[in-house]
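Reading through the structure tokens given below for one structure.
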Amino acid sequence: MSEQAFLELDRLTRIYAGTPAVHDLSLQVGEHEIVTLLGPSGCGKTTTLRIVAGFEQPDSGRVVLGGRDVTRVAPQKRGFGMVFQHYALFPHLSVGANVAFGLETAGLAKAEIGANVARALELVRLPGTEGRSVASLSGGQQQRVALARALAPEPQVLLLDEPLSNLDAALRERTRRELRALVKGIGITTIYVTHDQEEAFDLSDRIAVMRDGRLEQVGPAEELYHQPATEFVATFLGRAGQVEGVAASVRGDLVDCRLAEGVSWPALVPPSAQIEPGTPVRVLTRPEALTFAAHDAEGVLSGTVDETRFAGSVYVYTVTVEGGQLEIHARSAQARIGRRVGVRPLDPPRGVHAFVLSAAERV
Amino acid sequence: MLNRTRLLTAIVFALLLWAVVYPNLVVIGESVRGDGTVTVRHYAEFFGTPSELRALWSSAWISVATVLLSALIGVPLAFLFARYEFPGRRALGALAAMPVLLPPLVGVIAILFLYGESGIATRLVQVALGLNSPPWRLRGPGAILAVHAYSMYVYFYLFTLAGLARLDLAVLEAAASLGAGRLRTLTRVTLPLLTPALAGASLLTFMTSMASFSAPYVLGGGFRVMTTQIFNSKLQGETAMAMVETVMLAAVSLLVLWPLARWEGSRQYVAPGKGMAPLRVPLRSRWASVGVPSLAGLGVLLLVLPHLTLLLVSFVPDGTWTTQTLPPRYSLENYVELFAEARTFRPIVNSLLMASAATFIAVAIALAVGHLVVRRRVAGRRLLEGTLALPWALPGTVLAIALATTFSVDRPWTGRVVLVGTAWILVMAYVLRVLPLTGRAALAGFRQLDPSLEEAAASLGAGPWRTLRRITLPGLTPAIVAGASLAFVTGLGEFVASIVLYTHRTRPIAIEILSQLRDFDLGAAAAYGVLLMVLVAAAFMLGQRWIQAGKQAAD
């Protein structure tokens, strides 16, 4: 991120009943940028979003917008638009009145409000629905009205709390691409919360992966996928097989890992890793980075095919090897269940990542 | 199967038409009966008599004022207990609903003992200020309004609490994120979303107030409302006028009920998401954190004072409390007498038996109607549902007059037999009065019960009776128990219809309280009142227990 941070989350901590829901979290969002908070449920992503919106007060830390500390500014004075998980449309107001709500509180003139409402509804492809009741809309339409309502007062920041989680799968996929086009078209700075990895990949400029109230890694999707900073990021984004081994030699961010007698694969390690020859490691492998080989060839892990599955574009094989289980994608049918096979990386070290085993795991 | 459904439908329809609709038609018929012809003479007389019109007007304005006053107390109280956290909130919040434990007449006499001319509070103030006469007189419209507000603000309190609990926090946050401050959120979002709850409470309060008899009867003095007017006309043998007055009271009640109920129905919003109820805000400032609990405590003390007074007076032996501020002597004499003497024990047995019978019958009818309306979806189900709810719109006095008129002659071929003078006519009146309660509960219970449960039972080979016994009834238990305990409690303290229909042999507790009061045996009246209060509380608690136990068994 080259430009200066427009929205800054500065060392936010929020403690619930003694346990931190958000722990010392810092994140900078550039102007016009879409950043996604991604993590499993209970990781603190929604709490973080609510702190940014002003619905929760952090126990420590600041929220800074354009250089101004807004931590203690009430939500209604913050000028952040928000789309809620269940949309929170006002059930007693029509579609038009819902969208007009924020414009009225801003004190706009009647004619102006009407024009802005029409424009906002046009933007979400629901023109002319002002008079409809909220209850008469489908889930997807309600989601779009909620978006129009949040965007109509032209907020400085848009906050989205799992806005697509209530749509069915096909609609969700289409909507997220539309959503990105729309938000990028307006150029509004956006924080998006989701637990869905694909959604995060489709929508975001950058993704912030959260776990147990902490940030694990922040970066563009490719970076998170190809250079995961932690084992959690590597397993949470995309699929990964794993096998345990020992570091043999270290060359910068490359480590040769001995996985079996006479078998050693080069693997990538995060820059921060404390690793030296002899350190026990877990090697994670991307399914598309592995290929089958003769099981007695050099540098090949041998194992048994446990499961095969046809997934359309690829065949998926699960192979149990000594010290772990690997998943392999292949273009054509290659092996049957129970067969003894060999596995090696296609283009090492691509898609092979080593992480130091924790003290507890080494026993 | 189909034929059995038809048969059941026909029987239930016939029963409801005969018991609920027919007596009211008889009243209308009687009100236009001249010497063998149809006449509007009695109506002309009604509209030509200023005192009649005044009574009608009084009923209307007292009811509107009761609604406003009750809302003014109940709504802010609900907001206080729902939105703010302070020491003692839970206990005070529960105590705030205490007036529901007092059946109408008992509430009136409790307040009389406290604030009446020779009431404890009145005498305390008189002594403190060194006055020669009581500082106020608990008489007339002001007194009626005060008692109404005391006993009916609970509707607003409970309805608003429920409405606030159903509010989705996210909707309030959405308003804030769109720039709305507290006041704007309250007026544009919270209150509009509470309208169904507020309309429901207004409706209930208005109808209860229109039908109110105890307060105007005991405290009215020369001030007449329609219910007391009807009772008086009946007492003086002006039958035709009583009929016209009954029709007029029913007409005005229905006239208000109809549009309000429709409006309420059109404003039922379905919450879009699962939603999370808004959290309570702790009171932060020093003034608020001390002042609010103290004020709330003081307010609640005021609400519980009548209960305490009743309890105190129940220990006062007959004739010992004359001019003293506080009763000088206390004993268990009244309670011993209550149970020891057949004469004084009789009303207790009567009330328990008649309330139980009425509850049982009303639950049975409600279950049959619920089954036919929700499950079988029979033709005419809306009419069936409407008939079940009709007694709710008719003041107790109207029902009682209708029954007394219809079942005082022996003409079996017109569906009229002599029931007046028997306990059955009281049971019938109680059934009619509580039918809307059990009916509402049964319909709601059936609607919440997933029909696929019954289908699953059938697919596992269970016949209709087995399904009913093993699946349907257990599933309905919470709703039925809730409705039944309300019905039982209503029957137990029933006064309005009883005073028109009782005989010495069939007199219920409320009537006995009134006659003890007439004999100036305040202690005995209070002891009956306390007994009613305890029975009511026990019925509610047992009902709750039953529901809880059912829930735990289901988990």
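We label chains A, B, ... in the order they appear in the structure tokens, count residues from 1 in each chain, and number ligands from 1 in the order shown.
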Quick one: which residues from chain B are at most 6 Å off chain A, using only C-alpha atoms, as a JSON list (two decimals) with C-alpha atoms, in the first residue's frame?
[["chain", "number", "residue", "atom", "x", "y", "z"],
["B", 170, "ALA", "CA", -29.23, -4.16, 14.36],
["B", 171, "VAL", "CA", -32.19, -2.00, 13.32],
["B", 176, "ALA", "CA", -27.37, 5.29, 14.23],
["B", 177, "SER", "CA", -25.09, 4.47, 11.30],
["B", 178, "LEU", "CA", -27.39, 6.62, 9.14],
["B", 179, "GLY", "CA", -26.82, 9.57, 11.44],
["B", 180, "ALA", "CA", -29.94, 9.36, 13.64],
["B", 273, "GLY", "CA", -33.38, -11.51, 10.84]]
Check your understanding: Near region 470-476 of chain B, within 9 Å and counting only C-alpha atoms, which residues show up once chain neighbours fewer than 5 positions away are dropped, as an NGL selection string?
Key -> :B and (442 or 445-446 or 448-449 or 453-454 or 457 or 465 or 481 or 550)
Exercise for review: For CA of Thr185 (chain B) and CA of Asp168 (chain B), determine how far apart the two atoms are, in Å to one decimal place.
Suggested key: 12.9 Å
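Going from CA of Leu426 (chain B) over to CA of Val530 (chain B), you cover 22.8 Å.
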Practice item. Using only C-alpha atoms, find the one residue out of B:Ala128, B:Leu468, B:Ala479, B:Ile348 that sits nearest to Thr506 (chain B). Key: B:Ile348
Review point. Leaving out Val106 (chain B) and any residue of its chain fewer than 4 positions from it, which residues lie within 7 Å of it when counting only C-alpha atoms, given as a PyMOL selection string?
Key: chain B and resi 102+110+529
With all heavy atoms retained, export the selected residues as a PDB file, in the first residue's frame.
ATOM      1  N   LEU B 102     -53.976  -9.010  41.800  1.00  0.00           N
ATOM      2  CA  LEU B 102     -55.193  -8.589  42.472  1.00  0.00           C
ATOM      3  C   LEU B 102     -56.382  -8.657  41.518  1.00  0.00           C
ATOM      4  O   LEU B 102     -56.439  -7.903  40.558  1.00  0.00           O
ATOM      5  CB  LEU B 102     -55.040  -7.143  42.984  1.00  0.00           C
ATOM      6  CG  LEU B 102     -53.987  -6.928  44.061  1.00  0.00           C
ATOM      7  CD1 LEU B 102     -53.889  -5.447  44.395  1.00  0.00           C
ATOM      8  CD2 LEU B 102     -54.327  -7.721  45.309  1.00  0.00           C
ATOM      9  N   ALA B 110     -58.458  -3.096  48.404  1.00  0.00           N
ATOM     10  CA  ALA B 110     -57.121  -2.861  48.947  1.00  0.00           C
ATOM     11  C   ALA B 110     -56.812  -1.370  48.921  1.00  0.00           C
ATOM     12  O   ALA B 110     -56.305  -0.794  49.891  1.00  0.00           O
ATOM     13  CB  ALA B 110     -56.086  -3.642  48.168  1.00  0.00           C
ATOM     14  N   GLY B 529     -59.605 -11.598  50.410  1.00  0.00           N
ATOM     15  CA  GLY B 529     -58.785 -10.964  49.377  1.00  0.00           C
ATOM     16  C   GLY B 529     -57.392 -11.562  49.327  1.00  0.00           C
ATOM     17  O   GLY B 529     -56.868 -11.880  48.254  1.00  0.00           O
TER      18      GLY B 529
END
Check your understanding: Interatomic distance between CA of Arg41 (chain B) and CA of Leu56 (chain B)?
Key -> 18.5 Å
Check your understanding: Please, which residues of region 97-336 of chain A, numbered as in this document, come out alpha helix (DSSP H) from DSSP, as a PyMOL selection string?
Key -> chain A and resi 97-105+110-123+139-151+169-186+197-203+221-226+231-236
Find the residues near region 211-223 of chain A: any atom within 10 Å, counting only C-alpha atoms, skip ones fewer than 6 places away on the same chain, and give them as a CSV table (one decimal) with N, CA, C and O atoms, in the first residue's frame.
chain,number,residue,atom,x,y,z
A,1,MET,N,0.9,-1.2,0.0
A,1,MET,CA,0.0,0.0,0.0
A,1,MET,C,0.9,1.2,0.0
A,1,MET,O,1.5,1.6,1.0
A,12,LEU,N,-6.0,-1.9,18.5
A,12,LEU,CA,-7.3,-2.0,19.1
A,12,LEU,C,-7.3,-3.3,20.0
A,12,LEU,O,-6.9,-4.3,19.6
A,13,THR,N,-7.9,-3.1,21.2
A,13,THR,CA,-8.1,-4.3,22.1
A,13,THR,C,-9.5,-4.1,22.7
A,13,THR,O,-9.9,-3.1,23.1
A,14,ARG,N,-10.2,-5.3,22.7
A,14,ARG,CA,-11.5,-5.3,23.3
A,14,ARG,C,-11.6,-6.6,24.1
A,14,ARG,O,-11.4,-7.7,23.5
A,15,ILE,N,-11.9,-6.4,25.3
A,15,ILE,CA,-12.0,-7.6,26.2
A,15,ILE,C,-13.4,-7.9,26.7
A,15,ILE,O,-14.1,-7.0,27.1
A,19,THR,N,-11.6,-12.4,28.5
A,19,THR,CA,-10.9,-12.8,27.3
A,19,THR,C,-10.9,-11.8,26.2
A,19,THR,O,-12.0,-11.2,26.0
A,20,PRO,N,-9.8,-11.6,25.6
A,20,PRO,CA,-9.8,-10.6,24.5
A,20,PRO,C,-10.5,-11.1,23.3
A,20,PRO,O,-10.1,-12.1,22.7
A,21,ALA,N,-11.5,-10.3,22.8
A,21,ALA,CA,-12.1,-10.6,21.6
A,21,ALA,C,-11.3,-10.1,20.4
A,21,ALA,O,-11.3,-10.6,19.3
A,22,VAL,N,-10.7,-8.9,20.7
A,22,VAL,CA,-9.8,-8.3,19.7
A,22,VAL,C,-8.5,-8.0,20.5
A,22,VAL,O,-8.6,-7.4,21.6
A,23,HIS,N,-7.4,-8.4,20.0
A,23,HIS,CA,-6.2,-8.2,20.7
A,23,HIS,C,-5.1,-7.4,19.9
A,23,HIS,O,-4.6,-7.9,19.0
A,24,ASP,N,-4.8,-6.2,20.4
A,24,ASP,CA,-3.7,-5.4,19.8
A,24,ASP,C,-3.7,-5.4,18.3
A,24,ASP,O,-2.7,-5.8,17.7
A,25,LEU,N,-4.9,-5.1,17.7
A,25,LEU,CA,-5.0,-5.2,16.3
A,25,LEU,C,-4.7,-3.9,15.6
A,25,LEU,O,-5.4,-2.9,15.9
A,26,SER,N,-3.8,-3.9,14.7
A,26,SER,CA,-3.5,-2.7,13.9
A,26,SER,C,-3.7,-3.0,12.4
A,26,SER,O,-3.2,-4.0,11.9
A,27,LEU,N,-4.4,-2.1,11.7
A,27,LEU,CA,-4.6,-2.3,10.3
A,27,LEU,C,-4.8,-0.9,9.6
A,27,LEU,O,-5.4,0.0,10.2
A,28,GLN,N,-4.1,-0.8,8.5
A,28,GLN,CA,-4.3,0.5,7.8
A,28,GLN,C,-5.0,0.2,6.5
A,28,GLN,O,-4.7,-0.7,5.7
A,35,VAL,N,-10.8,-3.7,2.0
A,35,VAL,CA,-10.0,-4.7,2.8
A,35,VAL,C,-11.0,-5.6,3.5
A,35,VAL,O,-12.1,-5.2,4.0
A,36,THR,N,-10.7,-6.9,3.4
A,36,THR,CA,-11.6,-7.9,4.0
A,36,THR,C,-11.0,-8.4,5.3
A,36,THR,O,-9.9,-8.8,5.4
A,37,LEU,N,-11.9,-8.5,6.4
A,37,LEU,CA,-11.5,-9.2,7.6
A,37,LEU,C,-12.0,-10.6,7.4
A,37,LEU,O,-13.2,-10.8,7.3
A,38,LEU,N,-11.1,-11.6,7.4
A,38,LEU,CA,-11.5,-13.0,7.1
A,38,LEU,C,-11.0,-13.8,8.3
A,38,LEU,O,-9.9,-13.7,8.8
A,39,GLY,N,-11.9,-14.7,8.7
A,39,GLY,CA,-11.6,-15.6,9.8
A,39,GLY,C,-12.7,-16.5,10.2
A,39,GLY,O,-13.9,-16.2,9.7
A,40,PRO,N,-12.5,-17.5,10.9
A,40,PRO,CA,-13.6,-18.4,11.4
A,40,PRO,C,-14.5,-17.6,12.3
A,40,PRO,O,-14.1,-16.6,12.9
A,41,SER,N,-15.7,-18.2,12.6
A,41,SER,CA,-16.6,-17.5,13.5
A,41,SER,C,-15.9,-17.4,14.9
A,41,SER,O,-15.2,-18.4,15.3
A,42,GLY,N,-16.1,-16.3,15.6
A,42,GLY,CA,-15.6,-16.1,16.9
A,42,GLY,C,-14.1,-15.6,16.9
A,42,GLY,O,-13.5,-15.5,17.9
A,43,CYS,N,-13.6,-15.2,15.7
A,43,CYS,CA,-12.2,-14.7,15.6
A,43,CYS,C,-12.1,-13.3,16.0
A,43,CYS,O,-11.0,-12.7,16.0
A,44,GLY,N,-13.3,-12.6,16.1
A,44,GLY,CA,-13.2,-11.2,16.5
A,44,GLY,C,-13.4,-10.2,15.3
A,44,GLY,O,-13.3,-9.0,15.5
A,45,LYS,N,-13.7,-10.7,14.1
A,45,LYS,CA,-13.8,-9.9,13.0
A,45,LYS,C,-15.0,-8.9,13.0
A,45,LYS,O,-14.9,-7.7,12.7
A,47,THR,N,-16.5,-8.0,15.8
A,47,THR,CA,-16.3,-7.0,16.9
A,47,THR,C,-15.4,-5.9,16.4
A,47,THR,O,-15.6,-4.7,16.7
A,48,THR,N,-14.4,-6.3,15.6
A,48,THR,CA,-13.5,-5.2,15.0
A,48,THR,C,-14.3,-4.2,14.2
A,48,THR,O,-14.2,-3.0,14.3
A,197,GLN,N,-13.8,-17.8,2.4
A,197,GLN,CA,-12.5,-17.5,1.7
A,197,GLN,C,-12.7,-17.1,0.3
A,197,GLN,O,-12.1,-16.1,-0.2
A,200,ALA,N,-13.8,-13.5,0.0
A,200,ALA,CA,-12.7,-12.6,0.3
A,200,ALA,C,-11.8,-12.5,-1.0
A,200,ALA,O,-11.4,-11.4,-1.3
A,201,PHE,N,-11.6,-13.6,-1.6
A,201,PHE,CA,-10.7,-13.6,-2.8
A,201,PHE,C,-11.3,-12.8,-3.9
A,201,PHE,O,-10.7,-12.0,-4.6
A,202,ASP,N,-12.6,-13.0,-4.1
A,202,ASP,CA,-13.3,-12.3,-5.2
A,202,ASP,C,-13.4,-10.8,-5.0
A,202,ASP,O,-13.4,-10.0,-5.9
A,203,LEU,N,-13.6,-10.4,-3.7
A,203,LEU,CA,-14.0,-9.0,-3.4
A,203,LEU,C,-12.8,-8.0,-3.1
A,203,LEU,O,-12.9,-6.9,-3.4
A,204,SER,N,-11.8,-8.6,-2.5
A,204,SER,CA,-10.9,-7.7,-1.8
A,204,SER,C,-9.7,-7.2,-2.6
A,204,SER,O,-9.2,-7.9,-3.5
A,205,ASP,N,-9.2,-6.0,-2.2
A,205,ASP,CA,-7.9,-5.6,-2.7
A,205,ASP,C,-6.8,-6.3,-1.7
A,205,ASP,O,-5.8,-6.8,-2.2
A,229,ALA,N,2.1,-16.6,6.1
A,229,ALA,CA,3.0,-16.2,7.2
A,229,ALA,C,2.8,-17.3,8.3
A,229,ALA,O,3.8,-17.4,9.1
A,230,THR,N,1.7,-17.9,8.4
A,230,THR,CA,1.5,-18.8,9.5
A,230,THR,C,0.8,-20.1,9.0
A,230,THR,O,0.2,-20.1,7.9
A,231,GLU,N,0.9,-21.1,9.8
A,231,GLU,CA,0.3,-22.4,9.4
A,231,GLU,C,-1.2,-22.2,9.3
A,231,GLU,O,-1.9,-22.8,8.4
A,232,PHE,N,-1.8,-21.4,10.2
A,232,PHE,CA,-3.2,-21.1,10.2
A,232,PHE,C,-3.7,-20.5,8.8
A,232,PHE,O,-4.6,-21.0,8.2
A,233,VAL,N,-2.9,-19.5,8.4
A,233,VAL,CA,-3.2,-18.9,7.1
A,233,VAL,C,-3.2,-19.9,6.0
A,233,VAL,O,-4.0,-20.0,5.1
A,237,LEU,N,-6.8,-20.7,4.1
A,237,LEU,CA,-7.0,-20.3,2.7
A,237,LEU,C,-6.6,-21.5,1.8
A,237,LEU,O,-5.4,-21.9,1.7
Review point. Residues at most 10 Å from region 331-344 of chain B, counting only C-alpha atoms, excluding those fewer than 3 positions away in the same chain, as a list in words?
Key: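 Returned residues: Val313, Ser314, Phe315, Val316, Pro317, Asp318, Pro347, Ile348, Val349, Arg505, Ile509, Glu512, Asp521, Leu522, Gly523, Ala524, Ala525, Ala526, Ala527, Tyr528, Val530 and Leu531 of chain B.
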Just write the chosen residues, C-alpha atoms, as an mmCIF file, in the first residue's frame.
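Listing of selection.cif after writing:
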data_model
loop_
_atom_site.group_PDB
_atom_site.id
_atom_site.type_symbol
_atom_site.label_atom_id
_atom_site.label_comp_id
_atom_site.auth_asym_id
_atom_site.auth_seq_id
_atom_site.Cartn_x
_atom_site.Cartn_y
_atom_site.Cartn_z
ATOM 1 C CA VAL B 313 -56.017 -5.617 57.441
ATOM 2 C CA SER B 314 -56.647 -9.352 57.092
ATOM 3 C CA PHE B 315 -55.214 -9.789 60.595
ATOM 4 C CA VAL B 316 -57.558 -7.227 62.133
ATOM 5 C CA PRO B 317 -60.300 -8.822 64.310
ATOM 6 C CA ASP B 318 -63.879 -7.781 63.623
ATOM 7 C CA PRO B 347 -67.738 -19.310 48.737
ATOM 8 C CA ILE B 348 -64.202 -20.670 48.584
ATOM 9 C CA VAL B 349 -65.430 -24.094 47.510
ATOM 10 C CA ARG B 505 -76.047 -20.950 47.584
ATOM 11 C CA ILE B 509 -65.522 -15.351 46.857
ATOM 12 C CA GLU B 512 -68.707 -12.731 49.762
ATOM 13 C CA ASP B 521 -66.190 -6.789 58.675
ATOM 14 C CA LEU B 522 -63.083 -5.413 56.964
ATOM 15 C CA GLY B 523 -60.772 -8.085 58.348
ATOM 16 C CA ALA B 524 -62.806 -10.940 56.894
ATOM 17 C CA ALA B 525 -63.078 -9.178 53.518
ATOM 18 C CA ALA B 526 -59.320 -8.664 53.514
ATOM 19 C CA ALA B 527 -58.686 -12.286 54.481
ATOM 20 C CA TYR B 528 -60.733 -13.445 51.471
ATOM 21 C CA VAL B 530 -55.450 -12.329 50.580
ATOM 22 C CA LEU B 531 -56.649 -15.867 49.956
#
Check your understanding: Which neighbours of region 255-267 of chain B fall inside 7 Å, counting only C-alpha atoms, when residues of the same chain fewer than 4 positions from it are skipped, and could you give them as a list of chain:residue names?
Key ->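 Final neighbour list, sorted by chain and number: B:Pro196, B:Ala199, B:Gly200, B:Leu203, B:Ala251.
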Hey, can you spit out that residue selection with C-alpha atoms as an mmCIF file, in the first residue's frame?
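Output saved as result37.cif:
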data_model
loop_
_atom_site.group_PDB
_atom_site.id
_atom_site.type_symbol
_atom_site.label_atom_id
_atom_site.label_comp_id
_atom_site.auth_asym_id
_atom_site.auth_seq_id
_atom_site.Cartn_x
_atom_site.Cartn_y
_atom_site.Cartn_z
ATOM 1 C CA PRO B 196 -48.364 -3.202 17.483
ATOM 2 C CA ALA B 199 -52.012 -0.706 20.050
ATOM 3 C CA GLY B 200 -52.558 -4.087 21.675
ATOM 4 C CA LEU B 203 -57.077 -2.019 23.031
ATOM 5 C CA ALA B 251 -72.208 -1.458 20.463
#
